[in-house]
>>> print(open('input26.cif').read())   # mmCIF, C-alpha atoms and all ligand atoms
data_final
loop_
_atom_site.label_atom_id
_atom_site.label_comp_id
_atom_site.auth_asym_id
_atom_site.auth_seq_id
_atom_site.Cartn_x
_atom_site.Cartn_y
_atom_site.Cartn_z
CA SER A 1 91.10 97.42 132.31
CA ARG A 2 93.35 95.64 129.82
CA SER A 3 95.13 93.77 132.60
CA GLN A 4 91.89 92.07 133.61
CA LEU A 5 91.44 90.52 130.16
CA THR A 6 92.57 86.96 129.54
CA TYR A 7 95.45 86.18 127.20
CA CYS A 8 92.85 84.43 125.06
CA ALA A 9 90.70 87.55 124.73
CA ARG A 10 93.75 89.68 124.02
CA ALA A 11 94.96 87.21 121.38
CA ALA A 12 91.58 87.39 119.68
CA ASN A 13 91.56 91.19 119.44
CA HIS A 14 95.17 92.23 119.01
CA PRO A 15 96.09 93.84 115.68
CA ASN A 16 99.74 92.74 115.90
CA PRO A 17 100.34 89.13 114.70
CA LEU A 18 103.33 88.57 117.00
CA ALA A 19 101.42 89.85 120.05
CA ARG A 20 98.64 87.42 119.14
CA LYS A 21 101.20 84.62 118.93
CA LEU A 22 102.66 85.53 122.32
CA PHE A 23 99.26 85.41 123.99
CA GLN A 24 98.38 82.16 122.19
CA VAL A 25 101.61 80.54 123.35
CA ALA A 26 100.97 81.68 126.94
CA GLU A 27 97.45 80.29 126.82
CA ALA A 28 98.44 76.99 125.16
CA LYS A 29 101.26 76.31 127.61
CA LYS A 30 99.67 77.93 130.65
CA SER A 31 102.88 79.84 131.13
CA ASN A 32 103.81 83.51 131.28
CA VAL A 33 107.42 82.73 132.11
CA THR A 34 110.32 84.11 130.15
CA VAL A 35 113.56 82.51 131.18
CA SER A 36 116.59 84.73 130.94
CA ALA A 37 119.10 82.12 129.79
CA ASP A 38 122.26 84.00 130.70
CA VAL A 39 124.73 81.15 130.18
CA THR A 40 127.93 81.55 128.23
CA THR A 41 128.21 78.58 125.86
CA THR A 42 125.97 77.33 123.05
CA ALA A 43 125.82 73.86 124.60
CA GLU A 44 124.54 75.23 127.91
CA LEU A 45 122.06 77.54 126.17
CA LEU A 46 120.58 74.79 123.99
CA ASP A 47 120.51 72.32 126.86
CA LEU A 48 118.64 74.82 129.04
CA ALA A 49 116.24 75.70 126.21
CA ASP A 50 115.47 72.02 125.63
CA ARG A 51 114.95 71.15 129.30
CA LEU A 52 112.94 74.27 130.21
CA GLY A 53 111.16 74.56 126.86
CA PRO A 54 107.92 72.87 127.95
CA TYR A 55 107.40 75.31 130.86
CA ILE A 56 108.20 78.67 129.30
CA ALA A 57 106.57 81.02 126.80
CA VAL A 58 109.71 82.91 125.80
CA ILE A 59 113.44 82.44 126.07
CA LYS A 60 115.46 85.61 126.54
CA THR A 61 119.06 85.60 125.34
CA HIS A 62 122.12 87.81 125.61
CA ILE A 63 123.67 86.31 122.52
CA ASP A 64 126.85 88.39 122.86
CA ILE A 65 127.81 86.66 126.12
CA LEU A 66 128.28 83.32 124.34
CA SER A 67 131.94 82.41 123.88
CA ASP A 68 131.16 80.25 120.84
CA PHE A 69 128.27 81.83 118.91
CA SER A 70 127.92 80.27 115.45
CA GLN A 71 125.40 79.03 112.91
CA ALA A 72 124.86 76.05 115.24
CA THR A 73 123.58 78.45 117.92
CA ILE A 74 121.02 79.88 115.50
CA ASP A 75 119.96 76.51 114.12
CA GLY A 76 119.67 75.04 117.60
CA LEU A 77 117.59 77.91 118.97
CA ASN A 78 115.27 77.92 115.96
CA ALA A 79 114.76 74.16 116.17
CA LEU A 80 114.00 74.24 119.91
CA ALA A 81 111.63 77.20 119.53
CA ALA A 82 109.66 75.12 117.02
CA LYS A 83 109.88 71.91 119.08
CA HIS A 84 108.65 73.52 122.30
CA ASN A 85 106.52 76.36 120.92
CA PHE A 86 108.33 79.26 122.56
CA LEU A 87 109.43 82.63 121.18
CA ILE A 88 112.95 84.05 121.26
CA PHE A 89 113.72 87.47 122.74
CA GLU A 90 117.22 88.87 122.22
CA ASP A 91 117.91 91.35 125.02
CA ARG A 92 120.39 93.40 122.97
CA LYS A 93 119.04 96.77 124.16
CA PHE A 94 119.80 98.71 120.99
CA ILE A 95 120.85 102.24 121.92
CA ASP A 96 122.37 104.26 119.11
CA ILE A 97 121.55 106.40 116.10
CA GLY A 98 119.13 104.90 113.60
CA ASN A 99 121.73 104.15 110.94
CA THR A 100 123.79 102.05 113.38
CA VAL A 101 120.98 100.07 114.99
CA GLN A 102 119.62 99.06 111.59
CA LYS A 103 122.96 97.36 110.86
CA GLN A 104 123.17 95.83 114.34
CA TYR A 105 119.69 94.35 114.04
CA HIS A 106 119.64 93.05 110.50
CA GLN A 107 122.66 91.07 109.21
CA GLY A 108 125.98 91.80 110.94
CA THR A 109 127.85 89.20 113.02
CA LEU A 110 124.94 88.18 115.22
CA ARG A 111 122.23 88.21 112.52
CA ILE A 112 119.67 89.01 115.22
CA SER A 113 116.75 89.50 112.83
CA GLU A 114 117.24 85.93 111.58
CA TRP A 115 116.34 84.22 114.83
CA ALA A 116 114.97 86.70 117.41
CA HIS A 117 111.20 87.21 117.29
CA ILE A 118 111.48 89.98 119.86
CA ILE A 119 114.14 92.64 120.33
CA ASN A 120 114.33 95.65 122.61
CA CYS A 121 115.75 99.15 122.55
CA SER A 122 116.30 102.10 124.80
CA VAL A 123 114.79 105.43 123.75
CA LEU A 124 117.78 107.39 125.09
CA PRO A 125 118.76 108.30 121.49
CA GLY A 126 115.25 109.68 120.86
CA GLU A 127 112.44 108.75 118.52
CA GLY A 128 114.78 107.94 115.62
CA ILE A 129 115.83 104.60 117.10
CA VAL A 130 112.27 103.31 117.10
CA GLU A 131 111.63 104.73 113.65
CA ALA A 132 114.80 103.09 112.27
CA LEU A 133 114.09 99.61 113.66
CA THR A 134 110.47 99.82 112.49
CA GLN A 135 111.62 100.85 109.02
CA THR A 136 114.01 97.89 108.75
CA ALA A 137 111.40 95.37 109.90
CA GLN A 138 108.79 96.80 107.57
CA SER A 139 110.92 97.24 104.48
CA PRO A 140 109.69 95.19 101.49
CA ASP A 141 112.87 93.09 101.37
CA PHE A 142 112.92 92.21 105.08
CA PRO A 143 112.45 88.42 104.91
CA TYR A 144 110.78 87.77 108.29
CA GLY A 145 107.51 89.57 107.65
CA SER A 146 105.33 90.33 110.64
CA ASP A 147 106.95 87.63 112.79
CA ARG A 148 109.11 90.26 114.53
CA GLY A 149 108.44 92.85 117.22
CA LEU A 150 110.08 95.43 119.46
CA LEU A 151 109.85 96.10 123.19
CA ILE A 152 110.84 99.48 124.54
CA LEU A 153 113.00 99.39 127.66
CA ALA A 154 110.96 101.93 129.59
CA GLU A 155 112.30 101.28 133.09
CA MET A 156 115.13 99.30 134.66
CA THR A 157 115.35 97.20 137.79
CA SER A 158 118.86 98.24 138.82
CA LYS A 159 119.36 100.47 141.82
CA GLY A 160 119.46 104.17 140.93
CA SER A 161 118.10 103.56 137.42
CA LEU A 162 117.78 106.77 135.41
CA ALA A 163 115.08 105.27 133.19
CA THR A 164 112.31 107.18 134.95
CA GLY A 165 110.18 110.29 134.51
CA SER A 166 110.42 111.90 131.08
CA TYR A 167 112.43 108.93 129.74
CA THR A 168 109.58 106.58 130.67
CA SER A 169 106.90 108.87 129.25
CA ALA A 170 108.85 109.21 125.98
CA SER A 171 108.87 105.40 125.86
CA VAL A 172 105.08 105.46 125.95
CA ASP A 173 104.97 108.23 123.29
CA TYR A 174 107.05 106.20 120.83
CA ALA A 175 105.23 102.95 121.57
CA ARG A 176 102.00 104.72 120.61
CA LYS A 177 103.52 106.27 117.50
CA TYR A 178 105.05 103.03 116.19
CA GLN A 179 102.41 100.57 117.30
CA SER A 180 102.74 98.49 114.16
CA PHE A 181 106.17 97.22 115.33
CA VAL A 182 106.23 98.00 119.06
CA LEU A 183 104.67 95.16 121.06
CA GLY A 184 105.04 96.85 124.42
CA PHE A 185 107.52 97.48 127.17
CA VAL A 186 110.12 96.06 129.45
CA SER A 187 109.04 97.77 132.64
CA THR A 188 108.26 97.09 136.26
CA ARG A 189 104.56 97.94 135.90
CA SER A 190 101.79 98.72 133.45
CA LEU A 191 102.49 102.05 131.76
CA SER A 192 99.11 102.79 130.20
CA GLU A 193 98.45 105.51 132.80
CA VAL A 194 101.83 107.21 132.39
CA GLU A 195 101.55 110.75 131.06
CA SER A 196 102.28 110.83 127.35
CA THR A 197 102.20 113.54 124.71
CA VAL A 198 100.56 111.07 122.32
CA ALA A 199 96.88 110.43 122.85
CA LYS A 200 95.92 107.02 124.16
CA ASN A 201 93.95 104.85 121.80
CA GLU A 202 91.25 103.20 123.93
CA ASP A 203 91.95 99.84 122.25
CA GLU A 204 95.71 99.91 122.75
CA ASP A 205 97.10 96.78 124.32
CA PHE A 206 100.81 96.92 125.06
CA VAL A 207 102.47 93.77 126.36
CA VAL A 208 104.40 94.24 129.60
CA PHE A 209 107.52 92.16 130.28
CA THR A 210 108.96 92.52 133.77
CA THR A 211 112.54 91.56 134.61
CA GLY A 212 114.02 91.18 138.05
CA VAL A 213 111.70 88.39 139.15
CA ASN A 214 113.01 86.03 141.81
CA LEU A 215 111.31 83.92 144.45
CA SER A 216 114.19 83.51 146.85
CA SER A 217 116.28 86.67 146.71
CA LYS A 218 115.76 90.42 147.12
CA GLY A 219 118.69 91.44 144.94
CA ASP A 220 122.35 90.88 144.13
CA LYS A 221 125.60 92.60 145.06
CA LEU A 222 125.61 94.66 141.86
CA GLY A 223 122.38 96.57 142.36
CA GLN A 224 119.82 94.20 140.88
CA GLN A 225 116.45 94.52 142.71
CA TYR A 226 113.95 91.67 142.69
CA GLN A 227 110.24 91.24 143.14
CA THR A 228 108.13 88.09 143.20
CA PRO A 229 105.95 86.78 140.34
CA GLN A 230 102.84 87.78 142.34
CA SER A 231 104.06 91.31 142.83
CA ALA A 232 105.15 91.75 139.18
CA ILE A 233 101.88 90.42 137.79
CA GLY A 234 99.87 92.45 140.28
CA ARG A 235 101.60 95.58 138.96
CA GLY A 236 100.71 94.72 135.39
CA ALA A 237 103.34 92.31 134.05
CA ASP A 238 102.02 90.02 131.34
CA PHE A 239 105.28 88.08 131.16
CA ILE A 240 107.67 87.60 134.06
CA ILE A 241 111.37 87.31 133.30
CA ALA A 242 113.54 85.25 135.62
CA GLY A 243 117.20 84.42 135.13
CA ARG A 244 119.24 83.18 138.08
CA GLY A 245 116.09 82.31 140.01
CA ILE A 246 115.62 79.55 137.44
CA TYR A 247 118.88 78.62 135.72
CA ALA A 248 121.04 78.88 138.86
CA ALA A 249 118.58 76.93 141.06
CA PRO A 250 119.72 73.49 142.25
CA ASP A 251 117.16 71.98 139.83
CA ALA A 252 116.40 74.38 136.97
CA VAL A 253 113.47 72.32 135.67
CA GLU A 254 111.80 72.25 139.09
CA ALA A 255 112.37 76.00 139.42
CA ALA A 256 110.88 76.68 135.97
CA LYS A 257 107.78 74.68 136.96
CA GLN A 258 107.51 76.65 140.19
CA TYR A 259 107.72 80.03 138.43
CA GLN A 260 105.27 78.77 135.83
CA GLN A 261 102.76 77.75 138.48
CA GLN A 262 103.11 80.92 140.53
CA GLY A 263 103.05 83.15 137.46
CA TRP A 264 99.93 81.42 136.19
CA GLU A 265 98.13 81.56 139.53
CA ALA A 266 98.88 85.28 139.84
CA TYR A 267 97.57 85.83 136.31
CA MET A 268 94.41 83.84 137.05
CA ALA A 269 93.86 85.89 140.19
CA ARG A 270 94.27 89.09 138.19
CA VAL A 271 91.76 88.13 135.50
CA GLY A 272 89.40 86.76 138.12
CA GLY A 273 89.69 83.14 136.93
P1 LIG B 301 118.43 87.75 136.85
O1 LIG B 301 116.99 87.29 137.02
O2 LIG B 301 119.43 86.64 136.91
O3 LIG B 301 118.77 88.90 137.77
O4 LIG B 301 118.56 88.29 135.34
C1 LIG B 301 117.83 89.39 134.92
C2 LIG B 301 117.93 89.52 133.42
O5 LIG B 301 117.11 90.59 132.98
C3 LIG B 301 119.32 89.81 132.91
O6 LIG B 301 119.47 89.17 131.65
C4 LIG B 301 119.34 91.31 132.75
O7 LIG B 301 120.21 91.70 131.70
C5 LIG B 301 117.90 91.61 132.38
N1 LIG B 301 117.39 92.92 132.82
C6 LIG B 301 117.29 93.29 134.17
O8 LIG B 301 117.64 92.52 135.04
N2 LIG B 301 116.78 94.51 134.50
C7 LIG B 301 116.34 95.42 133.58
O9 LIG B 301 115.89 96.48 133.94
C8 LIG B 301 116.41 95.04 132.21
C9 LIG B 301 116.92 93.80 131.87
O10 LIG B 301 116.95 93.44 130.59
#
>>> encode(input="input26.cif", output="structure tokens")
Amino acid sequence: SRSQLTYCARAANHPNPLARKLFQVAEAKKSNVTVSADVTTTAELLDLADRLGPYIAVIKTHIDILSDFSQATIDGLNALAAKHNFLIFEDRKFIDIGNTVQKQYHQGTLRISEWAHIINCSVLPGEGIVEALTQTAQSPDFPYGSDRGLLILAEMTSKGSLATGSYTSASVDYARKYQSFVLGFVSTRSLSEVESTVAKNEDEDFVVFTTGVNLSSKGDKLGQQYQTPQSAIGRGADFIIAGRGIYAAPDAVEAAKQYQQQGWEAYMARVGG
């Protein structure tokens, strides 16, 4: 199955340029770690990105939690992404009618399209949200070409999550329908076997990002539920996302190296390397 292929093989065959780049970065850095850099000032964010940069494939931001977002945030992130060869994922979780999300994504206060290679959305509003974001990214005057992609939030790690069943299968439907912009899913497992009303293309290769990864905790007091890198990758994660497990560790750099090593070993075991 797809999950037994190496990142290298998937990079070679993938039709989407950003998916190819993701796999190439993972392979080059021997890292499938996405750090969720949930800090609240630009200085902390850039400092974390610079120190962890060598060990991660992707940095995930919640740009609206920064108390001092400005052009310096954008410039700093872009410069560090180039310096350390990582991609930027803004975890904005668009969830609105098409006309609104187009304005939230492109231009607006946060200018997300300017600096985030990867964005995500919920399909709660229906197919139109995916259609709208795809249309914006593929319009002739969109300046960032094919260097942008979308993940569909198909499941959530919080206790009692309602992102299950028909919501999750609709996520797979829309991923299949808008494959030119949809890179894959944020989910807790591979979704290629989930029932979908849209026929599966035998060559399809959705990228799976799994949040809620932590080596030393089972959850938090607000309903977060964790699994280990081994468990996430065994269930089909291609990229593991860890926040507090890394940035709140006594030594964030040591923690990033540890997640990198464990994530890579689990991947190697999966592909039989
Ligand atoms: P932490 O590893 O510190 O629990 O952080 C998890 C990160 O992943 C947070 O940024 C959270 O917003 C995000 N996240 C999640 O935890 N579960 C989901 O289902 C989807 C998420 O984006």
>>> residues_near_ligand(input="input26.cif", ligand="ligand LIG 301 (chain B)", cutoff="7 Å", atoms="all atoms listed in the file", output="ChimeraX atom specification")
/A:36,38,62,91,155-158,186,211-214,224,241-245
>>> write_last_selection(input="input26.cif", atoms="C-alpha atoms", output="tab-separated table (two decimals), keeping the file's coordinate frame")
chain	number	residue	atom	x	y	z
A	36	SER	CA	116.59	84.73	130.94
A	38	ASP	CA	122.26	84.00	130.70
A	62	HIS	CA	122.12	87.81	125.61
A	91	ASP	CA	117.91	91.35	125.02
A	155	GLU	CA	112.30	101.28	133.09
A	156	MET	CA	115.13	99.30	134.66
A	157	THR	CA	115.35	97.20	137.79
A	158	SER	CA	118.86	98.24	138.82
A	186	VAL	CA	110.12	96.06	129.45
A	211	THR	CA	112.54	91.56	134.61
A	212	GLY	CA	114.02	91.18	138.05
A	213	VAL	CA	111.70	88.39	139.15
A	214	ASN	CA	113.01	86.03	141.81
A	224	GLN	CA	119.82	94.20	140.88
A	241	ILE	CA	111.37	87.31	133.30
A	242	ALA	CA	113.54	85.25	135.62
A	243	GLY	CA	117.20	84.42	135.13
A	244	ARG	CA	119.24	83.18	138.08
A	245	GLY	CA	116.09	82.31	140.01
>>> atom_distance(input="input26.cif", atom1="atom CA of A:Glu127", atom2="atom CA of A:Ser139")
18.2 Å
>>> closest_residue(input="input26.cif", among="A:Val123, A:Leu133, A:Ala199, A:Phe142", to="A:Ala170", atoms="all atoms listed in the file")
A:Val123
>>> atom_distance(input="input26.cif", atom1="atom CA of A:His106", atom2="atom CA of A:Asp75")
16.9 Å
>>> residues_around(input="input26.cif", residues="A:Gly236", least_positions_apart="6", cutoff="8 Å", atoms="all atoms listed in the file", output="list in words")
Ser3, Thr188, Arg189, Ser190 and Val208 of chain A
>>> atom_distance(input="input26.cif", atom1="atom CA of A:Glu193", atom2="atom CA of A:Ser169")
9.8 Å
